[in-house]
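The next block is data_10.cif, given as mmCIF, C-alpha atoms.
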data_structure
#
loop_
_atom_site.label_atom_id
_atom_site.label_comp_id
_atom_site.auth_asym_id
_atom_site.auth_seq_id
_atom_site.Cartn_x
_atom_site.Cartn_y
_atom_site.Cartn_z
CA MET A 16 6.14 -43.76 22.04
CA LYS A 17 9.62 -43.72 20.48
CA LEU A 18 10.62 -40.85 18.21
CA ILE A 19 12.93 -41.72 15.29
CA TYR A 20 14.21 -38.90 13.11
CA ASP A 21 16.68 -38.22 10.31
CA ASP A 22 18.26 -34.94 9.22
CA ASP A 23 17.05 -33.86 5.77
CA GLN A 24 19.81 -31.20 5.64
CA THR A 25 17.20 -28.82 4.19
CA ASN A 26 17.65 -30.70 0.92
CA PRO A 27 14.44 -31.81 -0.83
CA ALA A 28 16.31 -34.58 -2.67
CA THR A 29 16.94 -36.42 0.62
CA VAL A 30 13.28 -36.50 1.67
CA PRO A 31 11.86 -39.50 -0.28
CA GLY A 32 14.74 -41.71 0.82
CA ILE A 33 14.35 -40.70 4.46
CA TYR A 34 10.66 -41.59 4.51
CA ALA A 35 11.28 -44.87 2.69
CA LYS A 36 13.88 -45.77 5.35
CA LEU A 37 11.56 -44.79 8.22
CA LEU A 38 8.77 -46.95 6.85
CA ASP A 39 10.69 -49.91 5.41
CA VAL A 40 13.75 -50.20 7.65
CA ASP A 41 12.76 -48.58 10.93
CA LYS A 42 9.19 -49.88 10.54
CA VAL A 43 7.62 -46.81 12.17
CA ASP A 44 3.88 -46.88 12.87
CA LEU A 45 3.29 -43.21 12.12
CA ILE A 46 5.05 -40.36 10.34
CA ILE A 47 4.92 -36.60 10.68
CA GLY A 48 5.80 -34.09 8.01
CA PRO A 49 9.06 -32.16 7.79
CA TYR A 50 9.41 -28.40 8.15
CA GLY A 51 8.52 -26.14 5.26
CA THR A 52 6.92 -26.23 1.84
CA ASN A 53 10.04 -27.16 -0.12
CA LEU A 54 10.57 -30.30 1.99
CA GLN A 55 6.97 -31.39 2.47
CA ALA A 56 6.19 -31.54 -1.24
CA PRO A 57 8.65 -34.41 -1.94
CA ALA A 58 7.30 -36.31 1.10
CA MET A 59 3.75 -36.33 -0.24
CA PRO A 60 3.99 -39.06 -2.92
CA ILE A 61 5.30 -41.67 -0.49
CA ALA A 62 2.74 -40.70 2.18
CA MET A 63 -0.02 -41.07 -0.41
CA GLN A 64 1.33 -44.36 -1.76
CA ARG A 65 1.47 -45.83 1.76
CA LYS A 66 -1.84 -44.19 2.79
CA LYS A 67 -0.22 -42.52 5.80
CA VAL A 68 -1.53 -39.56 7.77
CA ILE A 69 1.00 -36.75 7.45
CA ILE A 70 0.84 -33.56 9.52
CA GLY A 71 3.22 -31.06 7.95
CA LEU A 72 4.93 -28.27 9.88
CA LEU A 73 4.69 -24.74 8.51
CA GLY A 74 4.12 -25.58 4.85
CA THR A 75 2.21 -23.39 2.42
CA ALA A 76 -0.40 -24.77 0.01
CA VAL A 77 1.48 -28.08 -0.11
CA ASN A 78 -1.75 -30.00 -0.75
CA SER A 79 -3.04 -27.70 -3.48
CA THR A 80 -1.67 -30.00 -6.18
CA PHE A 81 -2.04 -33.34 -4.34
CA ASN A 82 -5.52 -33.02 -2.77
CA TYR A 83 -4.64 -35.83 -0.36
CA PRO A 84 -7.34 -36.22 2.31
CA ASN A 85 -4.92 -37.38 5.03
CA TYR A 86 -2.59 -34.38 4.77
CA PHE A 87 -2.91 -31.77 7.51
CA SER A 88 -1.03 -28.49 7.74
CA MET A 89 0.14 -27.38 11.16
CA ALA A 90 0.56 -23.78 10.07
CA PRO A 91 -1.65 -20.73 10.60
CA ASN A 92 -2.27 -20.14 6.90
CA GLY A 93 -6.02 -20.74 6.95
CA PRO A 94 -8.22 -21.65 4.00
CA GLU A 95 -6.30 -19.43 1.53
CA PRO A 96 -2.68 -20.29 2.31
CA LYS A 97 -1.12 -18.55 -0.67
CA HIS A 98 -2.80 -15.28 0.28
CA SER A 99 -2.27 -15.39 4.03
CA TYR A 100 1.40 -14.40 4.19
CA THR A 101 0.86 -11.02 2.54
CA LYS A 102 -2.80 -10.23 3.22
CA GLY A 103 -2.08 -8.42 6.48
CA PHE A 104 0.78 -6.49 4.86
CA VAL A 105 -1.37 -5.31 1.95
CA ASP A 106 -4.39 -4.55 4.14
CA LEU A 107 -2.23 -2.42 6.46
CA ALA A 108 -0.75 -0.52 3.54
CA ALA A 109 -4.16 0.13 1.99
CA ARG A 110 -5.34 1.82 5.22
CA GLN A 111 -2.58 4.43 5.19
CA ASN A 112 -3.29 8.05 4.31
CA PRO A 113 -2.46 8.87 1.60
CA LYS A 114 -3.01 5.37 0.29
CA PRO A 115 -0.01 3.92 -1.55
CA GLN A 116 -0.54 3.35 -5.26
CA THR A 117 2.26 1.16 -6.60
CA VAL A 118 3.87 -2.11 -5.55
CA ALA A 119 6.83 -4.28 -6.50
CA ILE A 120 6.68 -8.06 -6.00
CA VAL A 121 9.97 -9.94 -5.96
CA ALA A 122 10.26 -13.67 -5.32
CA ALA A 123 12.87 -16.41 -5.20
CA ASP A 124 12.37 -19.11 -7.81
CA ALA A 125 11.46 -21.77 -5.23
CA GLU A 126 8.19 -23.44 -4.25
CA PHE A 127 7.30 -21.43 -1.15
CA ALA A 128 8.16 -18.07 -2.70
CA VAL A 129 6.31 -18.86 -5.92
CA ASN A 130 3.21 -19.92 -3.96
CA VAL A 131 3.05 -16.82 -1.78
CA SER A 132 3.86 -14.45 -4.64
CA GLU A 133 0.75 -15.80 -6.41
CA GLY A 134 -1.26 -14.87 -3.33
CA ALA A 135 0.43 -11.47 -3.16
CA ARG A 136 -0.71 -10.65 -6.70
CA GLU A 137 -4.30 -11.44 -5.78
CA ASN A 138 -4.12 -9.38 -2.58
CA VAL A 139 -2.66 -6.42 -4.46
CA LYS A 140 -5.37 -6.67 -7.13
CA ILE A 141 -8.12 -6.68 -4.50
CA ALA A 142 -6.57 -3.61 -2.86
CA GLY A 143 -6.57 -1.74 -6.18
CA LEU A 144 -2.80 -1.22 -6.32
CA THR A 145 -0.71 -1.07 -9.48
CA VAL A 146 2.14 -3.56 -9.90
CA VAL A 147 5.22 -1.84 -11.37
CA TYR A 148 7.69 -4.70 -10.88
CA ASP A 149 7.04 -8.45 -10.70
CA ARG A 150 10.01 -10.74 -11.18
CA ARG A 151 11.76 -13.79 -9.76
CA TYR A 152 15.45 -14.35 -9.08
CA PRO A 153 17.27 -17.72 -8.81
CA SER A 154 17.00 -18.98 -5.24
CA THR A 155 20.79 -19.47 -5.15
CA THR A 156 21.43 -15.74 -5.74
CA THR A 157 23.87 -14.36 -3.18
CA ASP A 158 24.26 -10.77 -4.40
CA LEU A 159 20.85 -9.10 -4.44
CA VAL A 160 22.10 -5.54 -4.93
CA PRO A 161 21.35 -5.62 -8.70
CA VAL A 162 17.82 -6.90 -7.95
CA VAL A 163 17.23 -4.10 -5.43
CA ARG A 164 18.56 -1.48 -7.84
CA ALA A 165 16.16 -2.73 -10.53
CA ILE A 166 13.25 -2.52 -8.11
CA ALA A 167 14.26 0.97 -6.97
CA GLU A 168 14.26 2.21 -10.58
CA THR A 169 10.49 1.59 -10.69
CA SER A 170 9.94 3.76 -7.54
CA PRO A 171 7.29 1.54 -5.92
CA ASP A 172 5.48 2.68 -2.79
CA LEU A 173 5.47 -0.88 -1.43
CA VAL A 174 7.80 -3.84 -1.89
CA ILE A 175 6.61 -7.39 -1.19
CA VAL A 176 9.50 -9.83 -0.82
CA CYS A 177 8.90 -13.60 -1.00
CA SER A 178 12.09 -15.35 0.04
CA TYR A 179 13.86 -18.08 2.00
CA PRO A 180 16.49 -17.47 4.72
CA PRO A 181 19.72 -16.94 2.73
CA ASP A 182 18.13 -14.52 0.28
CA SER A 183 16.06 -12.86 3.03
CA VAL A 184 19.35 -11.90 4.70
CA GLY A 185 20.77 -10.81 1.35
CA MET A 186 17.71 -8.70 0.58
CA VAL A 187 17.85 -6.80 3.89
CA ARG A 188 21.55 -6.12 3.43
CA ALA A 189 21.10 -5.05 -0.19
CA VAL A 190 18.26 -2.63 0.60
CA ASN A 191 20.40 -0.97 3.25
CA GLU A 192 23.47 -0.93 1.01
CA VAL A 193 21.58 0.73 -1.83
CA GLY A 194 19.79 3.15 0.52
CA PHE A 195 16.41 2.18 -0.94
CA LYS A 196 13.50 3.58 1.07
CA PRO A 197 10.05 2.52 -0.13
CA LYS A 198 7.11 3.37 2.12
CA MET A 199 6.75 -0.25 3.28
CA ILE A 200 8.82 -3.37 2.67
CA GLY A 201 8.75 -7.03 3.72
CA GLY A 202 5.77 -9.35 3.65
CA ALA A 203 6.68 -13.01 3.10
CA MET A 204 10.33 -13.45 4.05
CA VAL A 205 11.24 -16.71 5.75
CA GLY A 206 14.27 -16.37 8.01
CA LEU A 207 13.59 -13.05 9.73
CA GLN A 208 11.81 -15.08 12.43
CA SER A 209 15.08 -16.82 13.38
CA THR A 210 16.78 -15.44 16.47
CA ALA A 211 20.24 -15.99 14.98
CA ILE A 212 19.31 -14.11 11.79
CA LYS A 213 17.72 -11.29 13.78
CA ALA A 214 20.93 -10.93 15.78
CA ARG A 215 23.07 -11.06 12.62
CA LEU A 216 21.09 -8.28 10.94
CA GLY A 217 20.46 -6.20 14.06
CA PRO A 218 19.54 -2.54 13.35
CA LEU A 219 19.29 -3.21 9.61
CA LEU A 220 15.87 -4.74 10.38
CA ASN A 221 14.34 -1.53 11.71
CA GLY A 222 11.22 -0.59 9.75
CA TRP A 223 10.79 -3.92 7.97
CA THR A 224 7.31 -5.44 8.28
CA ASN A 225 7.12 -9.17 7.81
CA PHE A 226 5.09 -12.25 8.64
CA ASP A 227 5.52 -14.23 11.82
CA LEU A 228 3.50 -17.01 13.43
CA TRP A 229 3.71 -16.46 17.18
CA LEU A 230 5.28 -13.99 19.58
CA PRO A 231 4.89 -13.65 23.36
CA VAL A 232 2.72 -10.54 23.14
CA PRO A 233 -0.17 -10.19 25.60
CA LYS A 234 -2.89 -11.27 23.17
CA MET A 235 -1.05 -14.51 22.32
CA GLN A 236 -0.37 -15.72 25.87
CA LEU A 237 -2.50 -18.83 25.64
CA ALA A 238 -2.77 -21.65 28.19
CA GLY A 239 0.38 -23.77 28.33
CA VAL A 240 2.54 -21.77 25.94
CA ASP A 241 4.53 -19.91 28.62
CA GLU A 242 5.43 -23.17 30.32
CA LEU A 243 6.45 -24.71 27.00
CA MET A 244 8.67 -21.78 26.05
CA GLU A 245 10.33 -21.68 29.46
CA LYS A 246 11.24 -25.37 29.20
CA TYR A 247 12.37 -24.95 25.60
CA GLN A 248 14.62 -21.97 26.29
CA LEU A 249 16.29 -23.71 29.24
CA ARG A 250 17.40 -26.51 26.89
CA ALA A 251 17.93 -24.56 23.67
CA ALA A 252 21.56 -23.52 24.17
CA ALA A 253 22.74 -27.03 25.03
CA GLU A 254 20.85 -28.49 22.06
CA GLY A 255 22.26 -25.92 19.62
CA VAL A 256 18.86 -24.74 18.39
CA ASP A 257 17.16 -21.34 18.12
CA ALA A 258 17.74 -19.63 21.47
CA LEU A 259 14.23 -18.20 21.80
CA GLY A 260 12.18 -20.58 19.64
CA TYR A 261 9.25 -18.22 19.09
CA TYR A 262 8.73 -19.18 15.45
CA MET A 263 8.84 -22.94 15.43
CA ALA A 264 8.59 -24.36 18.96
CA PRO A 265 4.88 -23.65 19.64
CA TRP A 266 3.75 -24.92 16.23
CA SER A 267 5.88 -28.07 16.32
CA TYR A 268 4.58 -28.87 19.81
CA ALA A 269 1.01 -28.31 18.63
CA GLN A 270 1.72 -30.58 15.62
CA LEU A 271 2.36 -33.49 17.98
CA GLN A 272 -0.48 -32.49 20.31
CA VAL A 273 -2.90 -33.06 17.43
CA LEU A 274 -1.45 -36.49 16.69
CA GLN A 275 -1.41 -37.45 20.39
CA GLN A 276 -5.03 -36.43 20.93
CA ALA A 277 -6.16 -38.33 17.83
CA ILE A 278 -4.38 -41.50 19.00
CA VAL A 279 -5.89 -41.27 22.49
CA ALA A 280 -9.40 -40.56 21.18
CA THR A 281 -9.40 -43.39 18.62
CA GLU A 282 -7.30 -45.79 20.71
CA SER A 283 -5.63 -46.66 17.44
CA LEU A 284 -2.52 -46.21 15.26
CA ASP A 285 -4.53 -46.92 12.12
CA ASP A 286 -3.96 -44.10 9.65
CA ALA A 287 -7.46 -44.23 8.14
CA ARG A 288 -9.09 -43.91 11.56
CA LEU A 289 -6.70 -41.17 12.63
CA GLY A 290 -7.30 -39.20 9.43
CA ASP A 291 -11.08 -39.41 9.85
CA TYR A 292 -10.80 -38.19 13.44
CA ILE A 293 -8.45 -35.30 12.64
CA ARG A 294 -10.72 -34.06 9.85
CA ALA A 295 -13.81 -34.08 12.08
CA ASN A 296 -12.60 -32.67 15.39
CA THR A 297 -11.18 -29.64 17.22
CA PHE A 298 -7.90 -29.95 19.12
CA LYS A 299 -6.71 -28.21 22.28
CA THR A 300 -3.15 -26.94 21.81
CA VAL A 301 -0.72 -24.43 23.29
CA LEU A 302 -1.83 -22.13 20.45
CA GLY A 303 -5.50 -22.44 21.34
CA ASP A 304 -8.17 -24.51 19.66
CA VAL A 305 -7.35 -25.65 16.13
CA ARG A 306 -9.57 -27.29 13.53
CA PHE A 307 -8.69 -28.34 10.01
CA GLY A 308 -10.67 -27.29 6.95
CA SER A 309 -10.38 -27.77 3.22
CA ASN A 310 -7.23 -29.43 1.86
CA GLY A 311 -6.01 -30.00 5.41
CA GLU A 312 -5.33 -26.33 6.09
CA LEU A 313 -6.36 -24.77 9.39
CA ALA A 314 -9.89 -23.45 9.23
CA GLN A 315 -8.82 -19.95 10.30
CA SER A 316 -5.78 -17.86 9.35
CA ARG A 317 -3.57 -16.60 12.19
CA VAL A 318 -0.60 -15.24 10.24
CA LEU A 319 0.87 -12.13 11.87
CA GLN A 320 2.56 -9.08 10.41
CA VAL A 321 5.32 -7.82 12.69
CA GLN A 322 7.31 -4.59 12.41
CA PHE A 323 10.88 -4.35 13.69
CA ARG A 324 11.76 -1.18 15.54
CA ASN A 325 14.22 0.17 18.14
CA VAL A 326 16.76 -2.56 17.36
CA LYS A 327 20.01 -0.96 18.51
CA THR A 328 22.72 -3.63 18.40
CA ASN A 329 23.39 -7.19 17.25
CA ASP A 330 22.86 -8.52 20.77
CA LEU A 331 20.60 -11.58 20.73
CA ALA A 332 19.08 -10.73 24.13
CA GLN A 333 17.30 -7.63 22.86
CA PHE A 334 14.96 -9.84 20.83
CA LYS A 335 13.62 -11.31 24.04
CA ASP A 336 12.37 -7.76 24.70
CA ILE A 337 9.28 -8.00 22.57
CA SER A 338 9.13 -4.21 22.09
CA THR A 339 11.61 -4.67 19.22
CA GLN A 340 8.99 -6.72 17.34
CA VAL A 341 5.52 -5.21 17.26
CA VAL A 342 2.52 -7.19 16.04
CA VAL A 343 0.71 -4.75 13.74
CA ALA A 344 -1.81 -7.21 12.20
CA PRO A 345 -4.28 -8.80 12.59
CA THR A 346 -6.09 -6.58 15.09
CA GLU A 347 -7.04 -9.49 17.38
CA TYR A 348 -3.33 -10.04 18.17
CA GLU A 349 -2.09 -6.47 17.73
CA SER A 350 0.52 -5.16 20.20
CA GLY A 351 1.08 -1.78 18.54
CA LYS A 352 0.43 0.38 15.49
CA LEU A 353 2.37 0.39 12.23
CA ILE A 354 4.98 3.12 11.85
CA TYR A 355 4.60 4.36 8.28
CA PRO A 356 6.44 5.05 6.09
CA TYR A 357 9.28 2.57 6.63
CA GLU A 358 11.87 5.34 6.89
CA LYS A 359 10.35 6.64 10.16
CA ALA A 360 11.05 3.34 11.90
CA ASN A 361 14.39 2.74 10.20
#
Give the structure from this file in structure tokens form.
Amino acid sequence: MKLIYDDDQTNPATVPGIYAKLLDVDKVDLIIGPYGTNLQAPAMPIAMQRKKVIIGLLGTAVNSTFNYPNYFSMAPNGPEPKHSYTKGFVDLAARQNPKPQTVAIVAADAEFAVNVSEGARENVKIAGLTVVYDRRYPSTTTDLVPVVRAIAETSPDLVIVCSYPPDSVGMVRAVNEVGFKPKMIGGAMVGLQSTAIKARLGPLLNGWTNFDLWLPVPKMQLAGVDELMEKYQLRAAAEGVDALGYYMAPWSYAQLQVLQQAIVATESLDDARLGDYIRANTFKTVLGDVRFGSNGELAQSRVLQVQFRNVKTNDLAQFKDISTQVVVAPTEYESGKLIYPYEKAN
């Protein structure tokens, strides 16, 4: 099978044209979804119009407005995708003694952040916490110091941040610049999973607790994943991609494993037949068995909460030492206990 791809430049406006070219000019038989919520959403109308199976990579609640039966989400969000990114964070906080009482929710004004902030509000409500700050900022904001100062004035015990990479970096820097020390901070920040961003921020990350999707901790060493990561890391430097690949490589490989197994089982490239098969079956992947449930989401959530600690320099190699990133939730993948409050691990 030949793989044809185009660079979307992380720009949603390019996505419809790319898929039109792939289907009308390149005449591809099958498509797969791009990375992330903000880029998958503009791909959906053309996939629906052409009745194509589309397996998206690491999107959140993309299908909640489309309800397209042949959309599948290769992401560990589970049946409640908007809630999954902050559920572990809030559950961990609620178990602390004394239990925190107040929370701030801050989100970029972009599709992913808006989606997960909705879930955060529900999680906080269930936990019986009081929201003292709940605002968005423009996703193009580069100076987040004023935002952090406004949050700090409300003295929240917890801060849930819903952000994309540029503002995730800005938020970590701003919190450290202001000297703001809530009892727990993080939650749903895209970007802190990137090896390059980890190295750029270095010790500023200590104490932050944030979602991740896979790390090479003992309880996540599933069949085939070590071999995949070894091959990936040998090629990563030459290809100019993330040096460690923990965040995206296993899930993108599993994305294509699902498609490959469906093609082999049905002996077909027909999208209707492939969609029927994917909806009805379990797939063997480097991340274990996966099965899709309602709206194409995975039937079970596997979103992690990971706390940074003992980060001493900006050296990239220290992030290969998994002791700097401790899985603190859920318990079935746990590699250590949460250090609370944030200041003790900072």
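Each of A:Leu353, A:Ala295, A:Ala314, A:Ala76 was checked against Leu107 of chain A using only C-alpha atoms; the smallest atom-to-atom distance is that of A:Leu353.
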| Which of these, A:Arg215, A:Lys67, A:Arg151, A:Lys196, has the shortest distance to Pro181 of chain A once you count all atoms listed in the file? | A:Arg215
Give me, as JSON lines, the closest atom pair and its distance (Å, one decimal) for every residue of segment 213-294 of chain A within a cut-off of 12 Å of segment 39-50 of chain A, counting only C-alpha atoms, rows sorted by chain and rising number.
{"residue": "A:Tyr262", "atom": "CA", "partner": "A:Tyr50", "partner_atom": "CA", "distance": 11.8}
{"residue": "A:Met263", "atom": "CA", "partner": "A:Tyr50", "partner_atom": "CA", "distance": 9.1}
{"residue": "A:Ala264", "atom": "CA", "partner": "A:Tyr50", "partner_atom": "CA", "distance": 11.6}
{"residue": "A:Trp266", "atom": "CA", "partner": "A:Tyr50", "partner_atom": "CA", "distance": 10.5}
{"residue": "A:Ser267", "atom": "CA", "partner": "A:Tyr50", "partner_atom": "CA", "distance": 8.9}
{"residue": "A:Tyr268", "atom": "CA", "partner": "A:Ile47", "partner_atom": "CA", "distance": 12.0}
{"residue": "A:Gln270", "atom": "CA", "partner": "A:Ile47", "partner_atom": "CA", "distance": 8.4}
{"residue": "A:Leu271", "atom": "CA", "partner": "A:Ile47", "partner_atom": "CA", "distance": 8.3}
{"residue": "A:Gln272", "atom": "CA", "partner": "A:Ile47", "partner_atom": "CA", "distance": 11.8}
{"residue": "A:Val273", "atom": "CA", "partner": "A:Ile47", "partner_atom": "CA", "distance": 10.9}
{"residue": "A:Leu274", "atom": "CA", "partner": "A:Ile47", "partner_atom": "CA", "distance": 8.8}
{"residue": "A:Gln275", "atom": "CA", "partner": "A:Leu45", "partner_atom": "CA", "distance": 11.1}
{"residue": "A:Ile278", "atom": "CA", "partner": "A:Leu45", "partner_atom": "CA", "distance": 10.4}
{"residue": "A:Ser283", "atom": "CA", "partner": "A:Asp44", "partner_atom": "CA", "distance": 10.6}
{"residue": "A:Leu284", "atom": "CA", "partner": "A:Asp44", "partner_atom": "CA", "distance": 6.9}
{"residue": "A:Asp285", "atom": "CA", "partner": "A:Asp44", "partner_atom": "CA", "distance": 8.4}
{"residue": "A:Asp286", "atom": "CA", "partner": "A:Leu45", "partner_atom": "CA", "distance": 7.7}
{"residue": "A:Ala287", "atom": "CA", "partner": "A:Leu45", "partner_atom": "CA", "distance": 11.5}
{"residue": "A:Leu289", "atom": "CA", "partner": "A:Leu45", "partner_atom": "CA", "distance": 10.2}
{"residue": "A:Gly290", "atom": "CA", "partner": "A:Leu45", "partner_atom": "CA", "distance": 11.6}
| field | the PyMOL selection byres ((chain A and resi 219) around 9) resolved against shown file, as a ChimeraX atom specification | value | /A:187-188,191,216-218,220-223,326,361
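Coordinates place atom CA of Asp124 of chain A at a distance of 18.9 Å from atom CA of Leu73 of chain A.
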| field | Residue IDs satisfying the PyMOL selection byres ((chain A and resi 109) around 12), as a PyMOL selection string | value | chain A and resi 102-108+110-118+138-144+172-173+198-199+355
| request: Give me the residues within 12 Å of segment 303-313 of chain A as an MDAnalysis selection string, counting only C-alpha atoms and dropping any in the same chain fewer than 5 places off. | output: chainID A and resid 68:97 99 229 234:240 265:266 269:270 272:273 290:298 318
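Of note, atom CA of Leu331 of chain A and atom CA of Lys359 of chain A are spaced 23.4 Å apart.
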| query | Looking at all atoms listed in the file, which of A:Ala203, A:Ile175, A:Leu159, A:Ala360 is the one that sits closest to Tyr100 of chain A? | reply | A:Ala203
| Residues at most 9 Å from Ala123 of chain A, counting all atoms listed in the file, excluding those fewer than 4 positions away in the same chain, as a PyMOL selection string? | chain A and resi 127-129+150-156+176-179+182
As a compact mmCIF listing (two decimals), in the coordinates of the input, could you write out segment 118-130 of chain A once it has been completed with N, CA and C atoms?
# COMPACT_ATOMS: atom_id res chain seq x y z
N VAL A 118 3.24 -1.02 -6.31
CA VAL A 118 3.87 -2.11 -5.55
C VAL A 118 4.81 -2.90 -6.44
N ALA A 119 5.91 -3.35 -5.85
CA ALA A 119 6.83 -4.28 -6.50
C ALA A 119 6.71 -5.62 -5.78
N ILE A 120 6.70 -6.70 -6.55
CA ILE A 120 6.68 -8.06 -6.00
C ILE A 120 7.93 -8.77 -6.51
N VAL A 121 8.74 -9.24 -5.58
CA VAL A 121 9.97 -9.94 -5.96
C VAL A 121 10.00 -11.26 -5.20
N ALA A 122 10.34 -12.34 -5.91
CA ALA A 122 10.26 -13.67 -5.32
C ALA A 122 11.43 -14.53 -5.76
N ALA A 123 11.90 -15.37 -4.84
CA ALA A 123 12.87 -16.41 -5.20
C ALA A 123 12.16 -17.45 -6.06
N ASP A 124 12.93 -18.08 -6.93
CA ASP A 124 12.37 -19.11 -7.81
C ASP A 124 12.40 -20.45 -7.08
N ALA A 125 11.56 -20.56 -6.04
CA ALA A 125 11.46 -21.77 -5.23
C ALA A 125 10.00 -21.92 -4.80
N GLU A 126 9.60 -23.12 -4.41
CA GLU A 126 8.19 -23.44 -4.25
C GLU A 126 7.45 -22.52 -3.31
N PHE A 127 7.99 -22.30 -2.11
CA PHE A 127 7.30 -21.43 -1.15
C PHE A 127 7.13 -20.03 -1.73
N ALA A 128 8.21 -19.45 -2.21
CA ALA A 128 8.16 -18.07 -2.70
C ALA A 128 7.22 -17.92 -3.89
N VAL A 129 7.21 -18.90 -4.77
CA VAL A 129 6.31 -18.86 -5.92
C VAL A 129 4.85 -18.91 -5.45
N ASN A 130 4.58 -19.81 -4.49
CA ASN A 130 3.21 -19.92 -3.96
C ASN A 130 2.72 -18.60 -3.36
